[in-house]
>>> print(open('coords.txt').read())   # compact mmCIF, N, CA and C atoms
# COMPACT_ATOMS: atom_id res chain seq x y z
N MET Q 881 -115.20 -138.79 39.16
CA MET Q 881 -114.22 -137.91 39.76
C MET Q 881 -114.00 -138.31 41.22
N LYS Q 882 -112.78 -138.24 41.64
CA LYS Q 882 -112.43 -138.56 43.02
C LYS Q 882 -112.82 -137.41 43.94
N GLY Q 883 -113.12 -137.74 45.18
CA GLY Q 883 -113.41 -136.72 46.19
C GLY Q 883 -114.85 -136.26 46.21
N LEU Q 884 -115.74 -136.88 45.45
CA LEU Q 884 -117.13 -136.44 45.43
C LEU Q 884 -117.82 -136.63 46.79
N HIS Q 885 -117.29 -137.53 47.61
CA HIS Q 885 -117.87 -137.75 48.93
C HIS Q 885 -117.85 -136.46 49.76
N LYS Q 886 -116.96 -135.55 49.44
CA LYS Q 886 -116.88 -134.28 50.18
C LYS Q 886 -118.08 -133.38 49.90
N LEU Q 887 -118.82 -133.68 48.82
CA LEU Q 887 -119.98 -132.88 48.47
C LEU Q 887 -121.26 -133.39 49.12
N GLU Q 888 -121.20 -134.58 49.73
CA GLU Q 888 -122.39 -135.19 50.32
C GLU Q 888 -123.07 -134.22 51.28
N GLY Q 889 -124.39 -134.18 51.17
CA GLY Q 889 -125.18 -133.31 52.02
C GLY Q 889 -125.49 -131.97 51.39
N SER Q 890 -124.68 -131.55 50.43
CA SER Q 890 -124.94 -130.27 49.77
C SER Q 890 -125.23 -130.44 48.28
N VAL Q 891 -124.68 -131.48 47.68
CA VAL Q 891 -124.86 -131.72 46.25
C VAL Q 891 -125.09 -133.22 46.04
N ASP Q 892 -126.00 -133.56 45.17
CA ASP Q 892 -126.22 -134.96 44.80
C ASP Q 892 -125.41 -135.23 43.53
N PRO Q 893 -124.24 -135.86 43.67
CA PRO Q 893 -123.37 -136.06 42.50
C PRO Q 893 -124.03 -136.84 41.36
N GLN Q 894 -124.90 -137.80 41.69
CA GLN Q 894 -125.57 -138.56 40.64
C GLN Q 894 -126.56 -137.69 39.88
N LEU Q 895 -127.29 -136.84 40.59
CA LEU Q 895 -128.22 -135.93 39.93
C LEU Q 895 -127.45 -134.91 39.08
N MET Q 896 -126.35 -134.40 39.61
CA MET Q 896 -125.54 -133.44 38.84
C MET Q 896 -125.02 -134.07 37.56
N GLN Q 897 -124.64 -135.34 37.60
CA GLN Q 897 -124.12 -136.02 36.42
C GLN Q 897 -125.16 -136.07 35.31
N LYS Q 898 -126.43 -136.15 35.67
CA LYS Q 898 -127.52 -136.24 34.68
C LYS Q 898 -128.02 -134.87 34.23
N THR Q 899 -127.61 -133.83 34.90
CA THR Q 899 -128.13 -132.48 34.67
C THR Q 899 -127.45 -131.81 33.48
N LYS Q 900 -128.27 -131.04 32.74
CA LYS Q 900 -127.75 -130.23 31.64
C LYS Q 900 -128.02 -128.76 31.95
N ILE Q 901 -126.96 -127.98 31.96
CA ILE Q 901 -127.07 -126.54 32.17
C ILE Q 901 -126.58 -125.84 30.93
N ALA Q 902 -127.31 -124.82 30.54
CA ALA Q 902 -126.92 -123.99 29.40
C ALA Q 902 -126.60 -122.60 29.92
N CYS Q 903 -125.52 -122.04 29.43
CA CYS Q 903 -125.06 -120.73 29.87
C CYS Q 903 -124.86 -119.83 28.66
N ILE Q 904 -125.53 -118.70 28.66
CA ILE Q 904 -125.38 -117.71 27.60
C ILE Q 904 -124.54 -116.58 28.16
N GLY Q 905 -123.37 -116.38 27.58
CA GLY Q 905 -122.43 -115.37 28.07
C GLY Q 905 -121.54 -115.99 29.12
N ILE Q 906 -120.28 -116.25 28.79
CA ILE Q 906 -119.41 -116.94 29.75
C ILE Q 906 -118.22 -116.12 30.20
N GLY Q 907 -118.15 -114.87 29.77
CA GLY Q 907 -117.01 -114.05 30.18
C GLY Q 907 -116.81 -114.04 31.67
N GLY Q 908 -117.68 -113.36 32.38
CA GLY Q 908 -117.57 -113.26 33.83
C GLY Q 908 -118.11 -114.46 34.57
N SER Q 909 -118.77 -115.36 33.86
CA SER Q 909 -119.37 -116.53 34.53
C SER Q 909 -118.54 -117.79 34.37
N ASN Q 910 -117.34 -117.67 33.82
CA ASN Q 910 -116.54 -118.89 33.61
C ASN Q 910 -116.22 -119.59 34.93
N GLN Q 911 -116.10 -118.84 36.02
CA GLN Q 911 -115.84 -119.46 37.32
C GLN Q 911 -117.07 -120.22 37.80
N VAL Q 912 -118.27 -119.72 37.49
CA VAL Q 912 -119.50 -120.44 37.83
C VAL Q 912 -119.52 -121.78 37.08
N CYS Q 913 -119.20 -121.74 35.82
CA CYS Q 913 -119.16 -122.97 35.01
C CYS Q 913 -118.14 -123.95 35.59
N GLU Q 914 -116.99 -123.46 35.96
CA GLU Q 914 -115.96 -124.34 36.53
C GLU Q 914 -116.44 -124.95 37.85
N SER Q 915 -117.09 -124.17 38.69
CA SER Q 915 -117.60 -124.69 39.96
C SER Q 915 -118.66 -125.76 39.73
N LEU Q 916 -119.50 -125.56 38.73
CA LEU Q 916 -120.51 -126.57 38.41
C LEU Q 916 -119.86 -127.88 37.97
N VAL Q 917 -118.83 -127.79 37.15
CA VAL Q 917 -118.12 -129.00 36.70
C VAL Q 917 -117.43 -129.67 37.88
N ARG Q 918 -116.88 -128.89 38.79
CA ARG Q 918 -116.25 -129.45 39.99
C ARG Q 918 -117.28 -130.14 40.88
N SER Q 919 -118.56 -129.79 40.74
CA SER Q 919 -119.65 -130.41 41.50
C SER Q 919 -120.24 -131.60 40.76
N ASN Q 920 -119.55 -132.08 39.73
CA ASN Q 920 -119.91 -133.28 38.96
C ASN Q 920 -121.01 -133.03 37.92
N LEU Q 921 -121.16 -131.79 37.47
CA LEU Q 921 -122.10 -131.53 36.40
C LEU Q 921 -121.72 -132.37 35.19
N GLY Q 922 -122.71 -133.02 34.58
CA GLY Q 922 -122.42 -133.90 33.46
C GLY Q 922 -122.50 -133.26 32.09
N ASN Q 923 -123.35 -132.23 31.93
CA ASN Q 923 -123.62 -131.67 30.60
C ASN Q 923 -123.69 -130.15 30.67
N LEU Q 924 -122.88 -129.50 29.87
CA LEU Q 924 -122.83 -128.04 29.87
C LEU Q 924 -122.76 -127.53 28.44
N VAL Q 925 -123.67 -126.60 28.13
CA VAL Q 925 -123.67 -125.92 26.84
C VAL Q 925 -123.38 -124.45 27.12
N CYS Q 926 -122.38 -123.90 26.45
CA CYS Q 926 -122.01 -122.50 26.65
C CYS Q 926 -122.02 -121.78 25.31
N LEU Q 927 -122.62 -120.61 25.31
CA LEU Q 927 -122.72 -119.79 24.11
C LEU Q 927 -122.10 -118.43 24.39
N ASP Q 928 -121.16 -118.04 23.57
CA ASP Q 928 -120.55 -116.71 23.67
C ASP Q 928 -119.86 -116.42 22.34
N PHE Q 929 -119.98 -115.20 21.87
CA PHE Q 929 -119.38 -114.84 20.58
C PHE Q 929 -118.02 -114.18 20.74
N ASP Q 930 -117.61 -113.93 21.98
CA ASP Q 930 -116.46 -113.06 22.23
C ASP Q 930 -115.14 -113.84 22.25
N ILE Q 931 -114.09 -113.06 22.07
CA ILE Q 931 -112.70 -113.54 22.11
C ILE Q 931 -112.05 -112.99 23.37
N VAL Q 932 -111.18 -113.76 23.99
CA VAL Q 932 -110.45 -113.29 25.17
C VAL Q 932 -109.52 -112.16 24.76
N ASP Q 933 -109.61 -111.04 25.47
CA ASP Q 933 -108.64 -109.96 25.25
C ASP Q 933 -107.92 -109.66 26.57
N GLU Q 934 -106.94 -108.79 26.51
CA GLU Q 934 -106.10 -108.56 27.69
C GLU Q 934 -106.86 -108.03 28.89
N THR Q 935 -107.94 -107.26 28.67
CA THR Q 935 -108.70 -106.77 29.82
C THR Q 935 -109.41 -107.91 30.55
N ASN Q 936 -109.68 -109.01 29.88
CA ASN Q 936 -110.36 -110.14 30.50
C ASN Q 936 -109.48 -110.88 31.51
N ILE Q 937 -108.18 -110.68 31.46
CA ILE Q 937 -107.28 -111.34 32.40
C ILE Q 937 -107.58 -110.84 33.82
N ILE Q 938 -107.79 -109.55 33.96
CA ILE Q 938 -108.08 -108.97 35.27
C ILE Q 938 -109.55 -109.09 35.62
N THR Q 939 -110.43 -108.80 34.68
CA THR Q 939 -111.86 -108.71 34.99
C THR Q 939 -112.59 -110.04 34.96
N GLN Q 940 -112.09 -111.03 34.24
CA GLN Q 940 -112.85 -112.27 34.07
C GLN Q 940 -112.06 -113.54 34.38
N GLY Q 941 -110.83 -113.40 34.83
CA GLY Q 941 -110.07 -114.56 35.27
C GLY Q 941 -109.44 -115.41 34.19
N TYR Q 942 -109.31 -114.88 33.00
CA TYR Q 942 -108.61 -115.62 31.94
C TYR Q 942 -107.11 -115.46 32.12
N TYR Q 943 -106.34 -116.19 31.32
CA TYR Q 943 -104.89 -116.18 31.41
C TYR Q 943 -104.27 -115.57 30.15
N GLN Q 944 -103.06 -115.07 30.29
CA GLN Q 944 -102.36 -114.42 29.18
C GLN Q 944 -102.31 -115.30 27.94
N GLN Q 945 -102.05 -116.59 28.10
CA GLN Q 945 -101.93 -117.49 26.95
C GLN Q 945 -103.28 -117.72 26.25
N GLU Q 946 -104.38 -117.27 26.85
CA GLU Q 946 -105.70 -117.43 26.23
C GLU Q 946 -106.12 -116.21 25.40
N VAL Q 947 -105.35 -115.13 25.44
CA VAL Q 947 -105.67 -113.93 24.67
C VAL Q 947 -105.74 -114.29 23.18
N GLY Q 948 -106.83 -113.87 22.54
CA GLY Q 948 -107.05 -114.16 21.13
C GLY Q 948 -107.86 -115.42 20.88
N MET Q 949 -108.09 -116.19 21.91
CA MET Q 949 -108.83 -117.44 21.81
C MET Q 949 -110.32 -117.17 22.04
N PRO Q 950 -111.22 -117.86 21.31
CA PRO Q 950 -112.65 -117.74 21.65
C PRO Q 950 -112.88 -118.13 23.11
N LYS Q 951 -113.73 -117.40 23.80
CA LYS Q 951 -113.97 -117.68 25.21
C LYS Q 951 -114.50 -119.09 25.44
N VAL Q 952 -115.32 -119.59 24.52
CA VAL Q 952 -115.85 -120.95 24.70
C VAL Q 952 -114.75 -122.00 24.60
N VAL Q 953 -113.71 -121.74 23.83
CA VAL Q 953 -112.57 -122.67 23.72
C VAL Q 953 -111.69 -122.58 24.96
N ALA Q 954 -111.41 -121.36 25.41
CA ALA Q 954 -110.61 -121.19 26.63
C ALA Q 954 -111.28 -121.87 27.81
N LEU Q 955 -112.60 -121.72 27.91
CA LEU Q 955 -113.33 -122.36 29.00
C LEU Q 955 -113.28 -123.88 28.87
N GLU Q 956 -113.46 -124.40 27.68
CA GLU Q 956 -113.41 -125.84 27.50
C GLU Q 956 -112.06 -126.40 27.94
N ASN Q 957 -110.98 -125.74 27.58
CA ASN Q 957 -109.65 -126.20 27.98
C ASN Q 957 -109.53 -126.28 29.50
N ARG Q 958 -110.06 -125.29 30.18
CA ARG Q 958 -110.01 -125.27 31.64
C ARG Q 958 -110.89 -126.38 32.24
N LEU Q 959 -112.10 -126.53 31.70
CA LEU Q 959 -113.03 -127.52 32.24
C LEU Q 959 -112.53 -128.94 32.04
N ARG Q 960 -111.88 -129.19 30.93
CA ARG Q 960 -111.37 -130.54 30.65
C ARG Q 960 -110.21 -130.91 31.57
N LYS Q 961 -109.54 -129.91 32.13
CA LYS Q 961 -108.50 -130.18 33.13
C LYS Q 961 -109.13 -130.62 34.45
N VAL Q 962 -110.33 -130.13 34.72
CA VAL Q 962 -111.07 -130.52 35.92
C VAL Q 962 -111.72 -131.88 35.73
N ASN Q 963 -112.42 -132.05 34.60
CA ASN Q 963 -113.11 -133.30 34.32
C ASN Q 963 -113.06 -133.57 32.82
N PRO Q 964 -112.15 -134.42 32.39
CA PRO Q 964 -112.01 -134.71 30.95
C PRO Q 964 -113.24 -135.36 30.34
N LYS Q 965 -114.13 -135.89 31.18
CA LYS Q 965 -115.32 -136.58 30.67
C LYS Q 965 -116.55 -135.69 30.56
N ILE Q 966 -116.42 -134.41 30.90
CA ILE Q 966 -117.57 -133.50 30.82
C ILE Q 966 -118.12 -133.49 29.40
N ASN Q 967 -119.43 -133.54 29.28
CA ASN Q 967 -120.10 -133.41 27.99
C ASN Q 967 -120.29 -131.90 27.76
N TYR Q 968 -119.33 -131.29 27.09
CA TYR Q 968 -119.31 -129.84 26.91
C TYR Q 968 -119.53 -129.49 25.45
N THR Q 969 -120.44 -128.54 25.24
CA THR Q 969 -120.65 -127.98 23.91
C THR Q 969 -120.43 -126.48 24.01
N GLY Q 970 -119.41 -126.01 23.34
CA GLY Q 970 -119.12 -124.57 23.30
C GLY Q 970 -119.49 -124.03 21.93
N VAL Q 971 -120.30 -123.00 21.92
CA VAL Q 971 -120.78 -122.42 20.67
C VAL Q 971 -120.30 -120.98 20.59
N ASN Q 972 -119.44 -120.71 19.62
CA ASN Q 972 -118.91 -119.36 19.41
C ASN Q 972 -119.85 -118.64 18.45
N ALA Q 973 -120.92 -118.05 19.00
CA ALA Q 973 -121.94 -117.41 18.18
C ALA Q 973 -122.66 -116.34 19.00
N ASP Q 974 -123.36 -115.47 18.29
CA ASP Q 974 -124.16 -114.41 18.89
C ASP Q 974 -125.61 -114.88 18.93
N LEU Q 975 -126.18 -114.93 20.11
CA LEU Q 975 -127.57 -115.38 20.28
C LEU Q 975 -128.53 -114.63 19.35
N LEU Q 976 -128.32 -113.33 19.22
CA LEU Q 976 -129.25 -112.51 18.43
C LEU Q 976 -129.16 -112.79 16.93
N LYS Q 977 -128.13 -113.51 16.51
CA LYS Q 977 -127.98 -113.83 15.09
C LYS Q 977 -128.31 -115.29 14.78
N MET Q 978 -128.78 -116.01 15.78
CA MET Q 978 -129.10 -117.43 15.60
C MET Q 978 -130.57 -117.57 15.21
N ASP Q 979 -130.87 -118.60 14.40
CA ASP Q 979 -132.27 -118.83 14.06
C ASP Q 979 -132.93 -119.70 15.14
N GLU Q 980 -134.25 -119.80 15.06
CA GLU Q 980 -135.02 -120.52 16.07
C GLU Q 980 -134.61 -121.98 16.19
N ASP Q 981 -134.30 -122.63 15.09
CA ASP Q 981 -133.90 -124.04 15.13
C ASP Q 981 -132.57 -124.21 15.88
N GLU Q 982 -131.63 -123.31 15.65
CA GLU Q 982 -130.34 -123.38 16.36
C GLU Q 982 -130.53 -123.20 17.86
N ILE Q 983 -131.34 -122.23 18.22
CA ILE Q 983 -131.61 -121.96 19.63
C ILE Q 983 -132.28 -123.17 20.27
N HIS Q 984 -133.28 -123.70 19.60
CA HIS Q 984 -134.02 -124.84 20.13
C HIS Q 984 -133.10 -126.05 20.32
N SER Q 985 -132.27 -126.33 19.35
CA SER Q 985 -131.41 -127.52 19.44
C SER Q 985 -130.41 -127.43 20.59
N LEU Q 986 -130.00 -126.23 20.93
CA LEU Q 986 -129.03 -126.07 22.02
C LEU Q 986 -129.68 -126.06 23.41
N PHE Q 987 -130.85 -125.45 23.51
CA PHE Q 987 -131.38 -125.13 24.83
C PHE Q 987 -132.67 -125.84 25.23
N PHE Q 988 -133.34 -126.54 24.32
CA PHE Q 988 -134.68 -127.05 24.63
C PHE Q 988 -134.69 -128.05 25.78
N ASP Q 989 -133.66 -128.83 25.95
CA ASP Q 989 -133.66 -129.86 26.99
C ASP Q 989 -132.78 -129.51 28.19
N ALA Q 990 -132.41 -128.25 28.31
CA ALA Q 990 -131.60 -127.83 29.46
C ALA Q 990 -132.46 -127.83 30.72
N ASP Q 991 -131.87 -128.30 31.81
CA ASP Q 991 -132.56 -128.27 33.09
C ASP Q 991 -132.52 -126.87 33.71
N LEU Q 992 -131.51 -126.11 33.34
CA LEU Q 992 -131.34 -124.76 33.87
C LEU Q 992 -130.67 -123.91 32.80
N LEU Q 993 -131.20 -122.72 32.61
CA LEU Q 993 -130.63 -121.77 31.66
C LEU Q 993 -130.10 -120.58 32.44
N LEU Q 994 -128.80 -120.32 32.30
CA LEU Q 994 -128.17 -119.18 32.95
C LEU Q 994 -127.90 -118.11 31.89
N ILE Q 995 -128.53 -116.97 32.03
CA ILE Q 995 -128.29 -115.87 31.10
C ILE Q 995 -127.33 -114.91 31.80
N MET Q 996 -126.06 -115.04 31.46
CA MET Q 996 -124.99 -114.34 32.16
C MET Q 996 -124.33 -113.27 31.29
N THR Q 997 -124.98 -112.90 30.23
CA THR Q 997 -124.41 -111.94 29.30
C THR Q 997 -124.47 -110.52 29.86
N ASP Q 998 -123.55 -109.69 29.40
CA ASP Q 998 -123.59 -108.27 29.76
C ASP Q 998 -124.28 -107.46 28.67
N ASN Q 999 -124.83 -108.17 27.68
CA ASN Q 999 -125.55 -107.52 26.59
C ASN Q 999 -127.04 -107.52 26.93
N PHE Q 1000 -127.58 -106.34 27.19
CA PHE Q 1000 -128.97 -106.26 27.62
C PHE Q 1000 -129.96 -106.64 26.51
N GLN Q 1001 -129.56 -106.53 25.26
CA GLN Q 1001 -130.42 -107.00 24.17
C GLN Q 1001 -130.62 -108.51 24.28
N ASP Q 1002 -129.56 -109.25 24.60
CA ASP Q 1002 -129.67 -110.69 24.79
C ASP Q 1002 -130.58 -111.00 25.96
N ARG Q 1003 -130.41 -110.26 27.05
CA ARG Q 1003 -131.19 -110.53 28.26
C ARG Q 1003 -132.67 -110.32 28.04
N LYS Q 1004 -133.03 -109.30 27.30
CA LYS Q 1004 -134.46 -109.05 27.14
C LYS Q 1004 -135.06 -109.76 25.93
N SER Q 1005 -134.22 -110.50 25.22
CA SER Q 1005 -134.70 -111.23 24.05
C SER Q 1005 -135.80 -112.21 24.45
N THR Q 1006 -136.91 -112.15 23.76
CA THR Q 1006 -138.02 -113.07 24.04
C THR Q 1006 -137.83 -114.37 23.28
N ARG Q 1007 -136.75 -114.51 22.56
CA ARG Q 1007 -136.51 -115.70 21.75
C ARG Q 1007 -136.29 -116.94 22.62
N LEU Q 1008 -136.02 -116.75 23.90
CA LEU Q 1008 -135.77 -117.89 24.78
C LEU Q 1008 -137.02 -118.29 25.56
N ASN Q 1009 -138.12 -117.62 25.34
CA ASN Q 1009 -139.36 -117.96 26.06
C ASN Q 1009 -139.98 -119.21 25.51
>>> encode(input="coords.txt", output="structure tokens")
Amino acid sequence: MKGLHKLEGSVDPQLMQKTKIACIGIGGSNQVCESLVRSNLGNLVCLDFDIVDETNIITQGYYQQEVGMPKVVALENRLRKVNPKINYTGVNADLLKMDEDEIHSLFFDADLLLIMTDNFQDRKSTRLN
């Protein structure tokens, strides 16, 4: 990506390129994901079961044309406009309905796990320990 020199001193673009971040719940955190990609993040896994609805336009920064779209797809479309080479995995699923193997395959090698869900059952789930 062009312009990475502007991040010097605050972000190591080479380290970010190698980093994998996993995010559970992307409704209100989609701007965080976008900022990470703008900082040259190389690998992002996002899990969310929700669909964009009209209230999300005001509260979560989605656009009218994204209404009815899975949030993980809407986010991918936005991220690919920033960096078409991002290694992005969007999973349209509910964490509480996933088996241990699915959870492990998505999150075991993440350098950072962001639990950004507004569902307190997900937050207190011990399945991610």
>>> residues_around(input="coords.txt", residues="Lys898 in chain Q", least_positions_apart="4", cutoff="8 Å", atoms="only C-alpha atoms", output="PDB file with N, CA and C atoms, keeping the file's coordinate frame")
ATOM      1  N   GLN Q 894    -124.900-137.800  41.690  1.00  0.00           N
ATOM      2  CA  GLN Q 894    -125.570-138.560  40.640  1.00  0.00           C
ATOM      3  C   GLN Q 894    -126.560-137.690  39.880  1.00  0.00           C
ATOM      4  N   LEU Q 921    -121.160-131.790  37.470  1.00  0.00           N
ATOM      5  CA  LEU Q 921    -122.100-131.530  36.400  1.00  0.00           C
ATOM      6  C   LEU Q 921    -121.720-132.370  35.190  1.00  0.00           C
ATOM      7  N   GLY Q 922    -122.710-133.020  34.580  1.00  0.00           N
ATOM      8  CA  GLY Q 922    -122.420-133.900  33.460  1.00  0.00           C
ATOM      9  C   GLY Q 922    -122.500-133.260  32.090  1.00  0.00           C
ATOM     10  N   ASN Q 923    -123.350-132.230  31.930  1.00  0.00           N
ATOM     11  CA  ASN Q 923    -123.620-131.670  30.600  1.00  0.00           C
ATOM     12  C   ASN Q 923    -123.690-130.150  30.670  1.00  0.00           C
TER      13      ASN Q 923
END
>>> closest_residue(input="coords.txt", among="Q:Pro893, Q:Ser915, Q:Asn910, Q:Phe929", to="Met978 in chain Q", atoms="only C-alpha atoms")
Q:Phe929
>>> atom_distance(input="coords.txt", atom1="CA of Pro950 in chain Q", atom2="CA of Arg918 in chain Q")
22.1 Å
>>> select_by_dssp(input="coords.txt", residues="chain Q", states="strand (DSSP E or B)", output="list in words")
Lys900, Ile901, Ala902, Cys903, Ile904, Asn923, Leu924, Val925, Cys926, Leu927, Ile931, Pro950, Asn967, Tyr968, Thr969, Gly970, Val971, Leu992, Leu993, Leu994 and Ile995 of chain Q
>>> select_by_dssp(input="coords.txt", residues="chain Q", states="helix (DSSP H, G or I)", output="PyMOL selection string")
chain Q and resi 884-887+893-898+910-918+935-939+944-946+951-962+975-977+980-987+1000-1004+1006-1008
>>> residues_around(input="coords.txt", residues="Val971 in chain Q", least_positions_apart="2", cutoff="8 Å", atoms="only N, CA and C atoms", output="PyMOL selection string")
chain Q and resi 925-930+951-953+968-969+973-974
>>> closest_residue(input="coords.txt", among="Q:Gly941, Q:Pro964, Q:Ser890, Q:Leu975", to="Gly907 in chain Q", atoms="only N, CA and C atoms")
Q:Gly941
>>> atom_distance(input="coords.txt", atom1="atom N of Phe987 in chain Q", atom2="CA of Val947 in chain Q")
27.7 Å
>>> closest_residue(input="coords.txt", among="Q:Glu946, Q:Glu934, Q:Asp991, Q:Asp979", to="Cys903 in chain Q", atoms="only C-alpha atoms")
Q:Asp991
>>> atom_distance(input="coords.txt", atom1="CA of Gln911 in chain Q", atom2="CA of Leu993 in chain Q")
16.0 Å
>>> closest_residue(input="coords.txt", among="Q:Met896, Q:Val891, Q:Leu916, Q:Ile901", to="Val962 in chain Q", atoms="only C-alpha atoms")
Q:Leu916
>>> closest_residue(input="coords.txt", among="Q:Thr939, Q:Asp892, Q:Leu955, Q:Lys900", to="Leu992 in chain Q", atoms="all atoms listed in the file")
Q:Lys900
>>> residues_around(input="coords.txt", residues="Thr997 in chain Q", least_positions_apart="6", cutoff="6.5 Å", atoms="only N, CA and C atoms", output="PyMOL selection string")
chain Q and resi 904-906
